[in-house]
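A.B. asks: What follows is a structure written as structure tokens; I'll ask about it next.
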Amino acid sequence: MTTAFGDLLLGNQRYARSAPRPLQGIARAGVTIVTCMDSRLDPLGMVGLRLWDAKVIRTPGGHVTADAVVGCILSTHLLHVHRILVVQHTRCAMASGDDGALRAKVAAATLADLGSLTIGADPDQRARLQADTTMLRDQPLLAEGVVVGGFLYDVDTARLEQVS
Ligand SMILES: [Zn+2]
């Protein structure tokens with residue numbers, strides 16, 4: 001087995017000594033957060049929530065992808081979710097250009113050729129956020145009464161702005 005994960009397994013040993021162990025997989029605050037994979041984001045902390053409070057679905061850009069939609073649907077039927085926040089953020093690479101620009105950025109950084117990989121980048125972030133939240137609101141398989149909001153998180157000020 002590779003030792004590339006040794007420090008992380010060590011970290012887990014420390015964590016397991018005192019980690020909270022909620023017995024149920026529900027979202028105690030009734031919230032699902034769809035947000036970007038960016039390491040500058042603390043999805044729970046940014047809205048004052050903690051472990052056990054919310055479902056968190058992370059995608060590149062915080063885009064509401066097909067898998068994210070499935071997660072939202074299931075969370076509203078099985079996990080007590082009645083509010084969904086879609087949170088995209090400033091300075092996001094996924095909003096810095098189109099797929100061609102991002103592939104060129106990767107090529108410049110590592111010389112890797114991503115070929116025709118579909119990345120799903122979208123430089124019109126606010127329009128994308130609007131479209132993603134509208135698509136979720138129109139999703140007929142969400143549980144009844146679910147509220148969907150679209151938000152932009154500013155990585156410089158840590159403030160959330162409701163966009164849709
Ligand atoms: Zn991002």
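Here's how to read the names in the structure tokens: chain A, B, ... by the order shown, residue numbers from 1 in each chain, ligand numbers from 1 in the order shown.
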Within 7 Å of ligand 1, which residues of chain A come that close, and what is the closest atom pair and distance in Å for each? Count only C-alpha atoms and all ligand atoms and give it as JSON lines.

C.D. replies:
{"residue": "A:Cys36", "atom": "CA", "partner": "ligand 1", "partner_atom_place_in_ligand_line": "1 (Zn)", "distance": 4.7}
{"residue": "A:Met37", "atom": "CA", "partner": "ligand 1", "partner_atom_place_in_ligand_line": "1 (Zn)", "distance": 6.1}
{"residue": "A:Asp38", "atom": "CA", "partner": "ligand 1", "partner_atom_place_in_ligand_line": "1 (Zn)", "distance": 4.8}
{"residue": "A:Pro60", "atom": "CA", "partner": "ligand 1", "partner_atom_place_in_ligand_line": "1 (Zn)", "distance": 6.0}
{"residue": "A:Gly61", "atom": "CA", "partner": "ligand 1", "partner_atom_place_in_ligand_line": "1 (Zn)", "distance": 4.3}
{"residue": "A:Gly62", "atom": "CA", "partner": "ligand 1", "partner_atom_place_in_ligand_line": "1 (Zn)", "distance": 6.6}
{"residue": "A:Gln88", "atom": "CA", "partner": "ligand 1", "partner_atom_place_in_ligand_line": "1 (Zn)", "distance": 6.7}
{"residue": "A:His89", "atom": "CA", "partner": "ligand 1", "partner_atom_place_in_ligand_line": "1 (Zn)", "distance": 6.0}
{"residue": "A:Cys92", "atom": "CA", "partner": "ligand 1", "partner_atom_place_in_ligand_line": "1 (Zn)", "distance": 3.8}
{"residue": "A:Ala93", "atom": "CA", "partner": "ligand 1", "partner_atom_place_in_ligand_line": "1 (Zn)", "distance": 5.6}
{"residue": "A:Met94", "atom": "CA", "partner": "ligand 1", "partner_atom_place_in_ligand_line": "1 (Zn)", "distance": 5.8}

A.B. asks: Could you write those residues out with all heavy atoms, as an mmCIF file, in the first residue's frame?

C.D. replies:
data_model
loop_
_atom_site.group_PDB
_atom_site.id
_atom_site.type_symbol
_atom_site.label_atom_id
_atom_site.label_comp_id
_atom_site.auth_asym_id
_atom_site.auth_seq_id
_atom_site.Cartn_x
_atom_site.Cartn_y
_atom_site.Cartn_z
ATOM 1 N N CYS A 36 -18.686 25.074 -4.391
ATOM 2 C CA CYS A 36 -17.472 24.727 -5.131
ATOM 3 C C CYS A 36 -16.518 23.890 -4.274
ATOM 4 O O CYS A 36 -16.542 23.944 -3.058
ATOM 5 C CB CYS A 36 -16.782 26.007 -5.589
ATOM 6 S SG CYS A 36 -15.343 25.724 -6.640
ATOM 7 N N MET A 37 -15.642 23.175 -4.950
ATOM 8 C CA MET A 37 -14.645 22.361 -4.255
ATOM 9 C C MET A 37 -13.487 23.197 -3.722
ATOM 10 O O MET A 37 -12.606 22.680 -3.042
ATOM 11 C CB MET A 37 -14.103 21.310 -5.217
ATOM 12 C CG MET A 37 -13.344 21.892 -6.390
ATOM 13 S SD MET A 37 -12.942 20.602 -7.572
ATOM 14 C CE MET A 37 -11.661 21.421 -8.528
ATOM 15 N N ASP A 38 -13.509 24.499 -3.958
ATOM 16 C CA ASP A 38 -12.395 25.375 -3.600
ATOM 17 C C ASP A 38 -12.040 25.280 -2.110
ATOM 18 O O ASP A 38 -12.918 25.315 -1.251
ATOM 19 C CB ASP A 38 -12.766 26.821 -3.945
ATOM 20 C CG ASP A 38 -11.554 27.739 -3.931
ATOM 21 O OD1 ASP A 38 -10.964 27.948 -2.849
ATOM 22 O OD2 ASP A 38 -11.209 28.247 -5.012
ATOM 23 N N PRO A 60 -17.008 21.277 -9.063
ATOM 24 C CA PRO A 60 -16.213 22.384 -9.597
ATOM 25 C C PRO A 60 -17.137 23.570 -9.904
ATOM 26 O O PRO A 60 -18.121 23.428 -10.620
ATOM 27 C CB PRO A 60 -15.612 21.793 -10.882
ATOM 28 C CG PRO A 60 -15.612 20.313 -10.655
ATOM 29 C CD PRO A 60 -16.855 20.049 -9.840
ATOM 30 N N GLY A 61 -16.830 24.708 -9.318
ATOM 31 C CA GLY A 61 -17.632 25.907 -9.571
ATOM 32 C C GLY A 61 -18.896 26.019 -8.734
ATOM 33 O O GLY A 61 -19.586 27.016 -8.794
ATOM 34 N N GLY A 62 -19.230 24.971 -7.988
ATOM 35 C CA GLY A 62 -20.520 24.980 -7.298
ATOM 36 C C GLY A 62 -21.664 24.868 -8.283
ATOM 37 O O GLY A 62 -22.800 25.254 -7.997
ATOM 38 N N GLN A 88 -21.837 29.887 -5.161
ATOM 39 C CA GLN A 88 -20.643 30.023 -5.999
ATOM 40 C C GLN A 88 -19.799 31.138 -5.383
ATOM 41 O O GLN A 88 -20.240 31.784 -4.438
ATOM 42 C CB GLN A 88 -21.054 30.279 -7.441
ATOM 43 C CG GLN A 88 -21.877 29.078 -7.968
ATOM 44 C CD GLN A 88 -22.375 29.214 -9.393
ATOM 45 O OE1 GLN A 88 -22.045 30.152 -10.086
ATOM 46 N NE2 GLN A 88 -23.189 28.253 -9.827
ATOM 47 N N HIS A 89 -18.588 31.344 -5.866
ATOM 48 C CA HIS A 89 -17.717 32.287 -5.164
ATOM 49 C C HIS A 89 -16.869 33.123 -6.114
ATOM 50 O O HIS A 89 -16.615 32.734 -7.250
ATOM 51 C CB HIS A 89 -16.810 31.528 -4.185
ATOM 52 C CG HIS A 89 -15.805 30.644 -4.857
ATOM 53 N ND1 HIS A 89 -14.509 31.041 -5.124
ATOM 54 C CD2 HIS A 89 -15.898 29.383 -5.338
ATOM 55 C CE1 HIS A 89 -13.868 30.055 -5.735
ATOM 56 N NE2 HIS A 89 -14.686 29.046 -5.876
ATOM 57 N N CYS A 92 -13.284 32.348 -8.690
ATOM 58 C CA CYS A 92 -13.402 30.910 -8.981
ATOM 59 C C CYS A 92 -12.802 30.619 -10.355
ATOM 60 O O CYS A 92 -13.149 31.279 -11.339
ATOM 61 C CB CYS A 92 -14.868 30.487 -8.948
ATOM 62 S SG CYS A 92 -15.103 28.709 -9.218
ATOM 63 N N ALA A 93 -11.938 29.621 -10.407
ATOM 64 C CA ALA A 93 -11.323 29.254 -11.686
ATOM 65 C C ALA A 93 -12.383 28.858 -12.709
ATOM 66 O O ALA A 93 -12.236 29.135 -13.901
ATOM 67 C CB ALA A 93 -10.334 28.113 -11.483
ATOM 68 N N MET A 94 -13.469 28.249 -12.223
ATOM 69 C CA MET A 94 -14.522 27.790 -13.128
ATOM 70 C C MET A 94 -15.297 28.942 -13.761
ATOM 71 O O MET A 94 -16.085 28.740 -14.678
ATOM 72 C CB MET A 94 -15.481 26.863 -12.384
ATOM 73 C CG MET A 94 -14.884 25.511 -12.048
ATOM 74 S SD MET A 94 -14.634 24.473 -13.512
ATOM 75 C CE MET A 94 -16.335 23.991 -13.856
#

A.B. asks: Hey, what's within 12 Å of Thr118 (chain A) if we count only C-alpha atoms and toss same-chain stuff fewer than 4 positions away? As a list in words, please?

C.D. replies: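 Counting only the stated atoms, we get Pro60, Met94, Asp98, Asp99, Gly100, Ala101, Leu102, Arg103, Leu114 and Asp122 of chain A.
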
A.B. asks: As an exercise, work out the distance from CA of His82 (chain A) to CA of Gln139 (chain A) in Å and give it to one decimal place.

C.D. replies: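 These two atoms are separated by 13.9 Å.
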
A.B. asks: Find, counting only C-alpha atoms, the residue in A:Thr59, A:Cys72, A:Ala143, A:Ser18 that gets nearest to Ile119 (chain A).

C.D. replies: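 That would be A:Thr59, the residue with the smallest distance to Ile119 (chain A).
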
A.B. asks: Would you mind telling me which residue in A:Gly145, A:Phe151, A:Met46, A:Val64 lies nearest to Arg83 (chain A) when using only C-alpha atoms?

C.D. replies: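 The closest residue to Arg83 (chain A) is A:Gly145.
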